[in-house]
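Q: Handing you this structure, nothing more for now.
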Amino acid sequence: MVIKVFLASSSGSTAIKKKQQDVVSFLDALKVDYTELDIACNEQNRMWMRQNVPEEKKPSNGIPLPPQIFNEESYCGDYDTFFDAKEDNRVYTFLGLPPPPGSKEAEQTDKELNGTLEEHPDDAAEVPVEERNGGSHREEEEGEREGEGGEAEDEETEGDTALAEEEDEEEAEGEEDNEEEAQAEEEEDQEREDLRSEEEEELQQLEEEEDAEEQEEDEEE
């Protein structure tokens, strides 16, 4: 399997250059074999990239920006999805490659697979002793509560009220945290959208310049 990274060597966008460098540097650090394909100097590379990026992954103007990453003919993603995979320590999964034994991603995958067993090694061990003994102790406790009259019921009611109040407080705190996270995500999405718009304009300008140069060459011929 060959990892293909489509780049624009002559891009005038600093943001695009930085993203391209980020991708290839990280792949080099992981010692992943990949091939760079230039879309600025090779029209076939540019057309292949545009045709093979899934429609749902293309921007609104239909022109995908570099870097774009493929595994052979299979589309992996763009810089944003690569960055998310890097943050989640899932780059090999993103590339469609098996993580090497001993790597952080392999260890993380093993932990996820074995997590349920580690957290719940023996469900039977968690069953209360009175239930495993036929419920005899529970019956005795119920008899004692009935003898005490309404006192036990009052204590249970107070306990339920306190528990409900604690749950309400935790829920309110959780909603505040969710609102802060949502606001942070909106700001990050807006920054990415602004950056994407800038990149699209610069790429379009680059394409117009190339088209003009090709037209001049045709006229000279």
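Scheme for the structure tokens: letters A, B, ... for chains in order shown; per-chain residue numbers from 1; ligand numbers from 1 in order shown.
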When you look at range 64-71 of chain A with a cut-off of 6 Å (counting only C-alpha atoms), what residues show up, excluding the ones that are within fewer than 4 positions of it in the same chain? I need them as a list in words.
A: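 With the cut-off at 6 Å, the set is Val2, Ile3, Lys4, Val5, Phe6, Leu7, Gln20, Lys58, Tyr75, Cys76, Gly77 and Asp78 of chain A.
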Q: Out of range 11-46 of chain A, which residues get alpha helix (DSSP H) from DSSP, as a PyMOL selection string?
A: chain A and resi 14-30+43-46
Q: Could you please determine the separation between CA of Leu27 in chain A and CA of Asn42 in chain A in Å, to one decimal place?
A: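 CA of Asn42 in chain A lies 22.8 Å from CA of Leu27 in chain A.
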Q: How many Å separate CA of Phe82 in chain A from CA of Lys17 in chain A?
A: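 Computing the Euclidean distance for CA of Phe82 in chain A and CA of Lys17 in chain A yields 15.2 Å.
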Q: State, in Å with one decimal place, the distance from CA of Lys18 in chain A to CA of Gln51 in chain A.
A: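 Separation of CA of Lys18 in chain A and CA of Gln51 in chain A: 24.4 Å.
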Q: For Gly62 in chain A, please output as an MDAnalysis selection string all residues within 12 Å (counting only C-alpha atoms; exclusion window: fewer than 3 positions along the same chain).
A: chainID A and resid 49:59 65 200 204
